Amino acid sequence: MGLVVLDKGARRELWAVNEVVVLIPLTLAFLIGWVSQRMGLCLVAAITLALHKRPTLFVALASCGLFGLLLTPLYQYLGVSQPFYQPVAPYPHILLGGFLFGVSSVLNNGCSVGTLTKLARGDLSKAFTIIGWVVGIVLWHHLNMDITEKRTLAPSPTSVNYLLAIGLVIGSLLVLVRFQREKHYVGLSILLGLLTSALYTFEPHWTPSLLFYDLSKAVWIQQWGISATRFGIFSMLVIGMYCFTIYRKTFDYRAFNLLDSSRYLCAGTLMGVGASMMLGGNDSQILLVFPTLHLTTTLPLLAICSGIVLSILLKEYMARLRKQMHTNR
């Protein structure tokens, strides 16, 4: 069987195609980072605002993945594969892992995306949260050697799933439009859904939590199977966040602080354990898992939100108690 030799023109054309295939996901990642920083994307912050009767950020964050789901028929028509994933793990692992992730996110003062936005804004101590993620993932592997968890393809969305998604999207839009001062979240949420859905067609495992999960996994299997594109996407995501802070002049450099770094390392470790138990951080759950609206794909996000809500309420109660004790002195 002979080799096919391409002439210079064909090689140049092939090189140009490869460049486009690489540049498109990198550009999308940059834009996602920019929009995420613009929205102040953080599930902890979103739920905190929702508890104080400002639900727009939470609604925008929870619905952006649904906007992407509604594009699935278009991608199918164009012949583009867009597989959705679901965690295959015991329900106690999923629920406990999500709850632990939510509690530790409050301790960290930010979820996985919120950690990156603050790091890009200049808080260098947040790097210890990322280190904690890796430590927690590896720790969970060693504590759970008979690991049965895995990610598998979720069933294709049915008409019922689409009707649920449409209903939730309409409800979300009504909530977002009601709050006059925060109407910009409508456009940003739709835009983020479009961008993440488009990037998903190029790299289904693009989210930061999945990257660090696979990076940690490479430690114990001693096999490097992560593409350079995924690292490029992560880098452009953070660069997009950073560039927005420069554009809006909100960059606030904060050097390493021992106390904060220690707390973030502990919180990040717990977040890593929780993410391992439910196979993905909140970014993966919101954008890649939850939109399919199956039972196993909605439980992780519900568990995360429950952990965050209870932790915030406890934190606020303790703050009021300390204030009352200080006043009575």
# chains A, B, ... in the order shown; residues from 1 in each chain; ligands from 1

$ closest_atom_pairs --of "segment 51-129 of chain A" --to "segment 294-305 of chain A" --cutoff "12 Å" --atoms "only C-alpha atoms" --output "JSON lines"
{"residue": "A:Leu51", "atom": "CA", "partner": "A:Cys305", "partner_atom": "CA", "distance": 11.7}
{"residue": "A:Phe58", "atom": "CA", "partner": "A:Cys305", "partner_atom": "CA", "distance": 10.4}
{"residue": "A:Leu61", "atom": "CA", "partner": "A:Leu301", "partner_atom": "CA", "distance": 11.8}
{"residue": "A:Ala62", "atom": "CA", "partner": "A:Leu301", "partner_atom": "CA", "distance": 9.4}
{"residue": "A:Phe84", "atom": "CA", "partner": "A:Thr297", "partner_atom": "CA", "distance": 10.0}
{"residue": "A:Tyr85", "atom": "CA", "partner": "A:Thr297", "partner_atom": "CA", "distance": 8.4}
{"residue": "A:Gln86", "atom": "CA", "partner": "A:Thr297", "partner_atom": "CA", "distance": 5.8}
{"residue": "A:Pro87", "atom": "CA", "partner": "A:Thr296", "partner_atom": "CA", "distance": 7.0}
{"residue": "A:Val88", "atom": "CA", "partner": "A:Thr296", "partner_atom": "CA", "distance": 8.2}
{"residue": "A:Ala89", "atom": "CA", "partner": "A:Thr296", "partner_atom": "CA", "distance": 9.2}
{"residue": "A:Pro90", "atom": "CA", "partner": "A:Thr296", "partner_atom": "CA", "distance": 10.0}
{"residue": "A:Tyr91", "atom": "CA", "partner": "A:Thr296", "partner_atom": "CA", "distance": 8.2}
{"residue": "A:Pro92", "atom": "CA", "partner": "A:Leu299", "partner_atom": "CA", "distance": 10.5}
{"residue": "A:His93", "atom": "CA", "partner": "A:Pro300", "partner_atom": "CA", "distance": 9.6}
{"residue": "A:Ile94", "atom": "CA", "partner": "A:Pro300", "partner_atom": "CA", "distance": 5.9}
{"residue": "A:Leu95", "atom": "CA", "partner": "A:Ala303", "partner_atom": "CA", "distance": 5.4}
{"residue": "A:Leu96", "atom": "CA", "partner": "A:Ala303", "partner_atom": "CA", "distance": 7.4}
{"residue": "A:Gly97", "atom": "CA", "partner": "A:Pro300", "partner_atom": "CA", "distance": 7.8}
{"residue": "A:Gly98", "atom": "CA", "partner": "A:Ile304", "partner_atom": "CA", "distance": 4.4}
{"residue": "A:Phe99", "atom": "CA", "partner": "A:Ala303", "partner_atom": "CA", "distance": 4.8}
{"residue": "A:Leu100", "atom": "CA", "partner": "A:Ile304", "partner_atom": "CA", "distance": 7.4}
{"residue": "A:Phe101", "atom": "CA", "partner": "A:Ile304", "partner_atom": "CA", "distance": 6.1}
{"residue": "A:Gly102", "atom": "CA", "partner": "A:Ile304", "partner_atom": "CA", "distance": 4.4}
{"residue": "A:Val103", "atom": "CA", "partner": "A:Ile304", "partner_atom": "CA", "distance": 7.8}
{"residue": "A:Ser104", "atom": "CA", "partner": "A:Ile304", "partner_atom": "CA", "distance": 9.8}
{"residue": "A:Ser105", "atom": "CA", "partner": "A:Ile304", "partner_atom": "CA", "distance": 9.0}
{"residue": "A:Val106", "atom": "CA", "partner": "A:Ile304", "partner_atom": "CA", "distance": 10.6}
{"residue": "A:Cys111", "atom": "CA", "partner": "A:Ile304", "partner_atom": "CA", "distance": 10.0}
{"residue": "A:Ser112", "atom": "CA", "partner": "A:Ile304", "partner_atom": "CA", "distance": 11.9}

$ write_last_selection --atoms "N, CA and C atoms" --output "PDB file, in the first residue's frame"
ATOM      1  N   LEU A  51     -30.537  34.507  48.253  1.00  0.00           N
ATOM      2  CA  LEU A  51     -31.061  34.473  49.620  1.00  0.00           C
ATOM      3  C   LEU A  51     -31.413  35.869  50.125  1.00  0.00           C
ATOM      4  N   PHE A  58     -28.226  33.854  40.013  1.00  0.00           N
ATOM      5  CA  PHE A  58     -28.428  32.410  40.152  1.00  0.00           C
ATOM      6  C   PHE A  58     -29.249  31.861  38.987  1.00  0.00           C
ATOM      7  N   LEU A  61     -27.138  31.848  35.869  1.00  0.00           N
ATOM      8  CA  LEU A  61     -26.112  30.804  35.936  1.00  0.00           C
ATOM      9  C   LEU A  61     -26.718  29.422  35.714  1.00  0.00           C
ATOM     10  N   ALA A  62     -27.857  29.158  36.347  1.00  0.00           N
ATOM     11  CA  ALA A  62     -28.478  27.835  36.239  1.00  0.00           C
ATOM     12  C   ALA A  62     -29.073  27.581  34.864  1.00  0.00           C
ATOM     13  N   PHE A  84     -23.756  14.144  25.653  1.00  0.00           N
ATOM     14  CA  PHE A  84     -23.939  14.601  27.027  1.00  0.00           C
ATOM     15  C   PHE A  84     -23.543  13.472  27.973  1.00  0.00           C
ATOM     16  N   TYR A  85     -23.014  13.861  29.133  1.00  0.00           N
ATOM     17  CA  TYR A  85     -22.507  12.870  30.077  1.00  0.00           C
ATOM     18  C   TYR A  85     -23.322  12.881  31.362  1.00  0.00           C
ATOM     19  N   GLN A  86     -23.292  11.748  32.044  1.00  0.00           N
ATOM     20  CA  GLN A  86     -23.910  11.662  33.358  1.00  0.00           C
ATOM     21  C   GLN A  86     -23.006  10.836  34.269  1.00  0.00           C
ATOM     22  N   PRO A  87     -23.006  11.143  35.568  1.00  0.00           N
ATOM     23  CA  PRO A  87     -22.173  10.373  36.493  1.00  0.00           C
ATOM     24  C   PRO A  87     -22.774   8.998  36.751  1.00  0.00           C
ATOM     25  N   VAL A  88     -21.933   7.984  36.756  1.00  0.00           N
ATOM     26  CA  VAL A  88     -22.366   6.638  37.132  1.00  0.00           C
ATOM     27  C   VAL A  88     -21.680   6.327  38.452  1.00  0.00           C
ATOM     28  N   ALA A  89     -22.398   6.523  39.536  1.00  0.00           N
ATOM     29  CA  ALA A  89     -21.844   6.346  40.880  1.00  0.00           C
ATOM     30  C   ALA A  89     -23.001   6.075  41.825  1.00  0.00           C
ATOM     31  N   PRO A  90     -22.726   5.476  42.983  1.00  0.00           N
ATOM     32  CA  PRO A  90     -23.793   5.265  43.973  1.00  0.00           C
ATOM     33  C   PRO A  90     -24.429   6.598  44.367  1.00  0.00           C
ATOM     34  N   TYR A  91     -25.737   6.614  44.531  1.00  0.00           N
ATOM     35  CA  TYR A  91     -26.436   7.849  44.889  1.00  0.00           C
ATOM     36  C   TYR A  91     -25.886   8.494  46.164  1.00  0.00           C
ATOM     37  N   PRO A  92     -25.531   7.714  47.202  1.00  0.00           N
ATOM     38  CA  PRO A  92     -24.938   8.350  48.387  1.00  0.00           C
ATOM     39  C   PRO A  92     -23.657   9.119  48.059  1.00  0.00           C
ATOM     40  N   HIS A  93     -22.849   8.592  47.132  1.00  0.00           N
ATOM     41  CA  HIS A  93     -21.627   9.295  46.736  1.00  0.00           C
ATOM     42  C   HIS A  93     -21.969  10.613  46.048  1.00  0.00           C
ATOM     43  N   ILE A  94     -22.944  10.563  45.147  1.00  0.00           N
ATOM     44  CA  ILE A  94     -23.327  11.768  44.412  1.00  0.00           C
ATOM     45  C   ILE A  94     -23.870  12.834  45.362  1.00  0.00           C
ATOM     46  N   LEU A  95     -24.771  12.435  46.251  1.00  0.00           N
ATOM     47  CA  LEU A  95     -25.405  13.392  47.162  1.00  0.00           C
ATOM     48  C   LEU A  95     -24.416  13.938  48.187  1.00  0.00           C
ATOM     49  N   LEU A  96     -23.645  13.037  48.804  1.00  0.00           N
ATOM     50  CA  LEU A  96     -22.672  13.474  49.805  1.00  0.00           C
ATOM     51  C   LEU A  96     -21.563  14.293  49.156  1.00  0.00           C
ATOM     52  N   GLY A  97     -21.126  13.867  47.967  1.00  0.00           N
ATOM     53  CA  GLY A  97     -20.086  14.607  47.257  1.00  0.00           C
ATOM     54  C   GLY A  97     -20.538  16.004  46.885  1.00  0.00           C
ATOM     55  N   GLY A  98     -21.769  16.124  46.391  1.00  0.00           N
ATOM     56  CA  GLY A  98     -22.293  17.441  46.048  1.00  0.00           C
ATOM     57  C   GLY A  98     -22.440  18.331  47.265  1.00  0.00           C
ATOM     58  N   PHE A  99     -22.956  17.755  48.354  1.00  0.00           N
ATOM     59  CA  PHE A  99     -23.123  18.533  49.588  1.00  0.00           C
ATOM     60  C   PHE A  99     -21.768  18.995  50.115  1.00  0.00           C
ATOM     61  N   LEU A 100     -20.778  18.097  50.124  1.00  0.00           N
ATOM     62  CA  LEU A 100     -19.434  18.444  50.590  1.00  0.00           C
ATOM     63  C   LEU A 100     -18.820  19.521  49.713  1.00  0.00           C
ATOM     64  N   PHE A 101     -19.031  19.418  48.410  1.00  0.00           N
ATOM     65  CA  PHE A 101     -18.505  20.433  47.492  1.00  0.00           C
ATOM     66  C   PHE A 101     -19.131  21.792  47.789  1.00  0.00           C
ATOM     67  N   GLY A 102     -20.445  21.802  48.062  1.00  0.00           N
ATOM     68  CA  GLY A 102     -21.111  23.059  48.367  1.00  0.00           C
ATOM     69  C   GLY A 102     -20.608  23.691  49.653  1.00  0.00           C
ATOM     70  N   VAL A 103     -20.468  22.880  50.703  1.00  0.00           N
ATOM     71  CA  VAL A 103     -19.973  23.387  51.992  1.00  0.00           C
ATOM     72  C   VAL A 103     -18.558  23.936  51.850  1.00  0.00           C
ATOM     73  N   SER A 104     -17.694  23.184  51.181  1.00  0.00           N
ATOM     74  CA  SER A 104     -16.298  23.612  51.031  1.00  0.00           C
ATOM     75  C   SER A 104     -16.175  24.818  50.105  1.00  0.00           C
ATOM     76  N   SER A 105     -17.118  24.989  49.170  1.00  0.00           N
ATOM     77  CA  SER A 105     -17.102  26.173  48.307  1.00  0.00           C
ATOM     78  C   SER A 105     -17.354  27.438  49.116  1.00  0.00           C
ATOM     79  N   VAL A 106     -18.237  27.343  50.118  1.00  0.00           N
ATOM     80  CA  VAL A 106     -18.480  28.493  50.995  1.00  0.00           C
ATOM     81  C   VAL A 106     -17.245  28.764  51.848  1.00  0.00           C
ATOM     82  N   CYS A 111     -16.839  29.045  44.211  1.00  0.00           N
ATOM     83  CA  CYS A 111     -16.893  27.723  43.588  1.00  0.00           C
ATOM     84  C   CYS A 111     -15.697  27.558  42.655  1.00  0.00           C
ATOM     85  N   SER A 112     -15.740  26.561  41.784  1.00  0.00           N
ATOM     86  CA  SER A 112     -14.594  26.311  40.905  1.00  0.00           C
ATOM     87  C   SER A 112     -14.375  27.470  39.933  1.00  0.00           C
TER      88      SER A 112
END

$ select_by_dssp --residues "segment 191-240 of chain A" --states "alpha helix (DSSP H)" --output "ChimeraX atom specification"
/A:191-202,208-221,228-240

$ atom_distance --atom1 "atom CA of Ile239 of chain A" --atom2 "atom CA of Arg54 of chain A"
29.1 Å

$ residues_around --residues "Thr56 of chain A" --least-positions-apart "5" --cutoff "12 Å" --atoms "only C-alpha atoms" --output "ChimeraX atom specification"
/A:39-41,43,45-51,61-63,171-186,188-189

$ residues_around --residues "Pro208 of chain A" --least-positions-apart "6" --cutoff "8 Å" --atoms "only C-alpha atoms" --output "ChimeraX atom specification"
/A:112-113,234,283

$ atom_distance --atom1 "atom CA of Phe67 of chain A" --atom2 "atom CA of Ile166 of chain A"
8.7 Å

$ atom_distance --atom1 "atom CA of Leu124 of chain A" --atom2 "atom CA of Gly65 of chain A"
29.2 Å

$ residues_around --residues "Leu195 of chain A" --least-positions-apart "5" --cutoff "8 Å" --atoms "only C-alpha atoms" --output "list in words"
Leu28, Leu31 and Ile32 of chain A

$ write_last_selection --atoms "C-alpha atoms" --output "short mmCIF file (atom, residue, chain, number, x, y, z; two decimals), in the first residue's frame"
data_model
loop_
_atom_site.label_atom_id
_atom_site.label_comp_id
_atom_site.auth_asym_id
_atom_site.auth_seq_id
_atom_site.Cartn_x
_atom_site.Cartn_y
_atom_site.Cartn_z
CA LEU A 28 -14.40 30.53 22.35
CA LEU A 31 -14.81 34.78 25.20
CA ILE A 32 -16.24 32.46 27.87
#

$ residues_around --residues "Leu313 of chain A" --least-positions-apart "2" --cutoff "12 Å" --atoms "only C-alpha atoms" --output "ChimeraX atom specification"
/A:44,47-48,51-52,103,106,306-311,315-320

$ write_last_selection --atoms "N, CA and C atoms" --output "mmCIF file, in the first residue's frame"
data_model
loop_
_atom_site.group_PDB
_atom_site.id
_atom_site.type_symbol
_atom_site.label_atom_id
_atom_site.label_comp_id
_atom_site.auth_asym_id
_atom_site.auth_seq_id
_atom_site.Cartn_x
_atom_site.Cartn_y
_atom_site.Cartn_z
ATOM 1 N N VAL A 44 -21.544 30.421 44.597
ATOM 2 C CA VAL A 44 -21.667 30.869 45.992
ATOM 3 C C VAL A 44 -22.216 32.291 46.040
ATOM 4 N N ILE A 47 -25.981 32.306 44.901
ATOM 5 C CA ILE A 47 -26.935 31.839 45.917
ATOM 6 C C ILE A 47 -27.021 32.831 47.072
ATOM 7 N N THR A 48 -25.902 33.455 47.423
ATOM 8 C CA THR A 48 -25.918 34.486 48.468
ATOM 9 C C THR A 48 -26.852 35.623 48.083
ATOM 10 N N LEU A 51 -30.537 34.507 48.253
ATOM 11 C CA LEU A 51 -31.061 34.473 49.620
ATOM 12 C C LEU A 51 -31.413 35.869 50.125
ATOM 13 N N HIS A 52 -30.856 36.897 49.462
ATOM 14 C CA HIS A 52 -31.164 38.283 49.822
ATOM 15 C C HIS A 52 -32.064 38.925 48.764
ATOM 16 N N VAL A 103 -20.468 22.880 50.703
ATOM 17 C CA VAL A 103 -19.973 23.387 51.992
ATOM 18 C C VAL A 103 -18.558 23.936 51.850
ATOM 19 N N VAL A 106 -18.237 27.343 50.118
ATOM 20 C CA VAL A 106 -18.480 28.493 50.995
ATOM 21 C C VAL A 106 -17.245 28.764 51.848
ATOM 22 N N SER A 306 -27.711 22.740 47.995
ATOM 23 C CA SER A 306 -28.123 22.507 49.385
ATOM 24 C C SER A 306 -26.973 22.773 50.343
ATOM 25 N N GLY A 307 -25.784 22.282 50.006
ATOM 26 C CA GLY A 307 -24.612 22.512 50.842
ATOM 27 C C GLY A 307 -24.263 23.983 50.949
ATOM 28 N N ILE A 308 -24.374 24.700 49.829
ATOM 29 C CA ILE A 308 -24.062 26.131 49.829
ATOM 30 C C ILE A 308 -25.083 26.904 50.661
ATOM 31 N N VAL A 309 -26.366 26.611 50.464
ATOM 32 C CA VAL A 309 -27.424 27.330 51.187
ATOM 33 C C VAL A 309 -27.285 27.138 52.694
ATOM 34 N N LEU A 310 -27.142 25.902 53.141
ATOM 35 C CA LEU A 310 -27.033 25.634 54.578
ATOM 36 C C LEU A 310 -25.784 26.278 55.171
ATOM 37 N N SER A 311 -24.684 26.248 54.424
ATOM 38 C CA SER A 311 -23.437 26.843 54.922
ATOM 39 C C SER A 311 -23.545 28.356 55.025
ATOM 40 N N LYS A 315 -23.331 30.456 58.388
ATOM 41 C CA LYS A 315 -22.314 31.504 58.458
ATOM 42 C C LYS A 315 -22.940 32.832 58.872
ATOM 43 N N GLU A 316 -24.091 33.169 58.302
ATOM 44 C CA GLU A 316 -24.764 34.420 58.641
ATOM 45 C C GLU A 316 -25.311 34.382 60.070
ATOM 46 N N TYR A 317 -25.792 33.207 60.485
ATOM 47 C CA TYR A 317 -26.293 33.068 61.862
ATOM 48 C C TYR A 317 -25.162 33.270 62.867
ATOM 49 N N MET A 318 -24.007 32.681 62.596
ATOM 50 C CA MET A 318 -22.863 32.835 63.494
ATOM 51 C C MET A 318 -22.395 34.284 63.533
ATOM 52 N N ALA A 319 -22.453 34.968 62.377
ATOM 53 C CA ALA A 319 -22.053 36.377 62.335
ATOM 54 C C ALA A 319 -23.003 37.230 63.178
ATOM 55 N N ARG A 320 -24.305 36.962 63.074
ATOM 56 C CA ARG A 320 -25.282 37.711 63.887
ATOM 57 C C ARG A 320 -25.093 37.414 65.369
#

$ select_by_dssp --residues "segment 67-180 of chain A" --states "strand (DSSP E)" --output "ChimeraX atom specification"
/A:85-88,150-153

$ write_last_selection --atoms "C-alpha atoms" --output "CSV table (one decimal), in the first residue's frame"
chain,number,residue,atom,x,y,z
A,85,TYR,CA,-22.5,12.9,30.1
A,86,GLN,CA,-23.9,11.7,33.4
A,87,PRO,CA,-22.2,10.4,36.5
A,88,VAL,CA,-22.4,6.6,37.1
A,150,LYS,CA,-17.3,6.7,35.8
A,151,ARG,CA,-18.7,9.1,33.3
A,152,THR,CA,-21.0,7.6,30.7
A,153,LEU,CA,-23.1,9.0,27.8

$ residues_around --residues "Gly122 of chain A" --least-positions-apart "2" --cutoff "10 Å" --atoms "only C-alpha atoms" --output "list in words"
Leu116, Thr117, Lys118, Leu119, Ala120, Leu124, Ser125, Lys126, Tyr242, Thr245, Thr250, Phe251, Asp252, Tyr253, Arg254 and Ala255 of chain A

$ closest_residue --among "A:Gly68, A:Ala198, A:Gly114, A:Leu78" --to "Met241 of chain A" --atoms "only C-alpha atoms"
A:Gly114

$ closest_residue --among "A:Ser216, A:Thr72, A:Thr292, A:Asn109" --to "Ala165 of chain A" --atoms "only C-alpha atoms"
A:Thr292

$ decode --residues "segment 197-227 of chain A" --atoms "N, CA and C atoms" --output "PDB file, in the first residue's frame"
ATOM      1  N   SER A 197     -21.846  25.923  24.577  1.00  0.00           N
ATOM      2  CA  SER A 197     -22.366  24.860  23.719  1.00  0.00           C
ATOM      3  C   SER A 197     -21.490  24.691  22.486  1.00  0.00           C
ATOM      4  N   ALA A 198     -21.056  25.805  21.906  1.00  0.00           N
ATOM      5  CA  ALA A 198     -20.187  25.737  20.728  1.00  0.00           C
ATOM      6  C   ALA A 198     -18.836  25.120  21.078  1.00  0.00           C
ATOM      7  N   LEU A 199     -18.263  25.525  22.217  1.00  0.00           N
ATOM      8  CA  LEU A 199     -16.972  24.963  22.624  1.00  0.00           C
ATOM      9  C   LEU A 199     -17.097  23.472  22.910  1.00  0.00           C
ATOM     10  N   TYR A 200     -18.242  23.079  23.436  1.00  0.00           N
ATOM     11  CA  TYR A 200     -18.486  21.673  23.764  1.00  0.00           C
ATOM     12  C   TYR A 200     -18.399  20.783  22.531  1.00  0.00           C
ATOM     13  N   THR A 201     -18.780  21.318  21.367  1.00  0.00           N
ATOM     14  CA  THR A 201     -18.709  20.518  20.142  1.00  0.00           C
ATOM     15  C   THR A 201     -17.267  20.261  19.727  1.00  0.00           C
ATOM     16  N   PHE A 202     -16.347  21.148  20.114  1.00  0.00           N
ATOM     17  CA  PHE A 202     -14.931  20.958  19.789  1.00  0.00           C
ATOM     18  C   PHE A 202     -14.216  20.117  20.842  1.00  0.00           C
ATOM     19  N   GLU A 203     -14.564  20.346  22.127  1.00  0.00           N
ATOM     20  CA  GLU A 203     -13.898  19.634  23.217  1.00  0.00           C
ATOM     21  C   GLU A 203     -14.908  19.367  24.331  1.00  0.00           C
ATOM     22  N   PRO A 204     -15.508  18.152  24.354  1.00  0.00           N
ATOM     23  CA  PRO A 204     -16.536  17.845  25.357  1.00  0.00           C
ATOM     24  C   PRO A 204     -16.039  17.919  26.800  1.00  0.00           C
ATOM     25  N   HIS A 205     -14.726  17.765  27.015  1.00  0.00           N
ATOM     26  CA  HIS A 205     -14.190  17.775  28.382  1.00  0.00           C
ATOM     27  C   HIS A 205     -13.424  19.073  28.665  1.00  0.00           C
ATOM     28  N   TRP A 206     -13.964  20.202  28.218  1.00  0.00           N
ATOM     29  CA  TRP A 206     -13.224  21.450  28.293  1.00  0.00           C
ATOM     30  C   TRP A 206     -13.263  22.102  29.674  1.00  0.00           C
ATOM     31  N   THR A 207     -14.218  21.758  30.534  1.00  0.00           N
ATOM     32  CA  THR A 207     -14.379  22.492  31.789  1.00  0.00           C
ATOM     33  C   THR A 207     -13.164  22.317  32.705  1.00  0.00           C
ATOM     34  N   PRO A 208     -12.836  23.348  33.503  1.00  0.00           N
ATOM     35  CA  PRO A 208     -11.663  23.270  34.383  1.00  0.00           C
ATOM     36  C   PRO A 208     -11.685  22.089  35.343  1.00  0.00           C
ATOM     37  N   SER A 209     -12.852  21.788  35.932  1.00  0.00           N
ATOM     38  CA  SER A 209     -12.897  20.698  36.915  1.00  0.00           C
ATOM     39  C   SER A 209     -12.574  19.351  36.275  1.00  0.00           C
ATOM     40  N   LEU A 210     -13.026  19.126  35.040  1.00  0.00           N
ATOM     41  CA  LEU A 210     -12.709  17.872  34.355  1.00  0.00           C
ATOM     42  C   LEU A 210     -11.236  17.813  33.973  1.00  0.00           C
ATOM     43  N   LEU A 211     -10.656  18.969  33.624  1.00  0.00           N
ATOM     44  CA  LEU A 211      -9.229  19.000  33.302  1.00  0.00           C
ATOM     45  C   LEU A 211      -8.404  18.588  34.512  1.00  0.00           C
ATOM     46  N   PHE A 212      -8.711  19.162  35.683  1.00  0.00           N
ATOM     47  CA  PHE A 212      -7.928  18.838  36.875  1.00  0.00           C
ATOM     48  C   PHE A 212      -8.234  17.435  37.387  1.00  0.00           C
ATOM     49  N   TYR A 213      -9.439  16.943  37.122  1.00  0.00           N
ATOM     50  CA  TYR A 213      -9.749  15.557  37.481  1.00  0.00           C
ATOM     51  C   TYR A 213      -8.884  14.605  36.658  1.00  0.00           C
ATOM     52  N   ASP A 214      -8.821  14.838  35.348  1.00  0.00           N
ATOM     53  CA  ASP A 214      -8.011  13.971  34.483  1.00  0.00           C
ATOM     54  C   ASP A 214      -6.520  14.158  34.748  1.00  0.00           C
ATOM     55  N   LEU A 215      -6.132  15.393  35.107  1.00  0.00           N
ATOM     56  CA  LEU A 215      -4.734  15.649  35.445  1.00  0.00           C
ATOM     57  C   LEU A 215      -4.340  14.885  36.702  1.00  0.00           C
ATOM     58  N   SER A 216      -5.212  14.871  37.689  1.00  0.00           N
ATOM     59  CA  SER A 216      -4.950  14.126  38.924  1.00  0.00           C
ATOM     60  C   SER A 216      -4.963  12.627  38.660  1.00  0.00           C
ATOM     61  N   LYS A 217      -5.866  12.200  37.803  1.00  0.00           N
ATOM     62  CA  LYS A 217      -5.964  10.782  37.463  1.00  0.00           C
ATOM     63  C   LYS A 217      -4.679  10.284  36.823  1.00  0.00           C
ATOM     64  N   ALA A 218      -4.029  11.160  36.064  1.00  0.00           N
ATOM     65  CA  ALA A 218      -2.772  10.778  35.419  1.00  0.00           C
ATOM     66  C   ALA A 218      -1.682  10.483  36.439  1.00  0.00           C
ATOM     67  N   VAL A 219      -1.842  11.013  37.664  1.00  0.00           N
ATOM     68  CA  VAL A 219      -0.846  10.782  38.712  1.00  0.00           C
ATOM     69  C   VAL A 219      -0.823   9.317  39.113  1.00  0.00           C
ATOM     70  N   TRP A 220      -2.036   8.703  39.263  1.00  0.00           N
ATOM     71  CA  TRP A 220      -2.052   7.330  39.757  1.00  0.00           C
ATOM     72  C   TRP A 220      -2.046   6.273  38.652  1.00  0.00           C
ATOM     73  N   ILE A 221      -2.506   6.635  37.442  1.00  0.00           N
ATOM     74  CA  ILE A 221      -2.431   5.634  36.369  1.00  0.00           C
ATOM     75  C   ILE A 221      -1.117   5.741  35.613  1.00  0.00           C
ATOM     76  N   GLN A 222      -0.367   6.838  35.899  1.00  0.00           N
ATOM     77  CA  GLN A 222       0.944   7.054  35.278  1.00  0.00           C
ATOM     78  C   GLN A 222       0.856   6.963  33.756  1.00  0.00           C
ATOM     79  N   GLN A 223      -0.159   7.613  33.238  1.00  0.00           N
ATOM     80  CA  GLN A 223      -0.347   7.647  31.793  1.00  0.00           C
ATOM     81  C   GLN A 223      -0.898   9.012  31.412  1.00  0.00           C
ATOM     82  N   TRP A 224      -0.210   9.688  30.519  1.00  0.00           N
ATOM     83  CA  TRP A 224      -0.578  11.049  30.138  1.00  0.00           C
ATOM     84  C   TRP A 224      -1.472  11.004  28.902  1.00  0.00           C
ATOM     85  N   GLY A 225      -2.758  11.290  29.098  1.00  0.00           N
ATOM     86  CA  GLY A 225      -3.681  11.228  27.971  1.00  0.00           C
ATOM     87  C   GLY A 225      -4.434  12.524  27.751  1.00  0.00           C
ATOM     88  N   ILE A 226      -3.884  13.644  28.223  1.00  0.00           N
ATOM     89  CA  ILE A 226      -4.554  14.937  28.109  1.00  0.00           C
ATOM     90  C   ILE A 226      -3.978  15.696  26.925  1.00  0.00           C
ATOM     91  N   SER A 227      -4.840  16.151  26.051  1.00  0.00           N
ATOM     92  CA  SER A 227      -4.382  16.849  24.850  1.00  0.00           C
ATOM     93  C   SER A 227      -3.908  18.259  25.185  1.00  0.00           C
TER      94      SER A 227
END
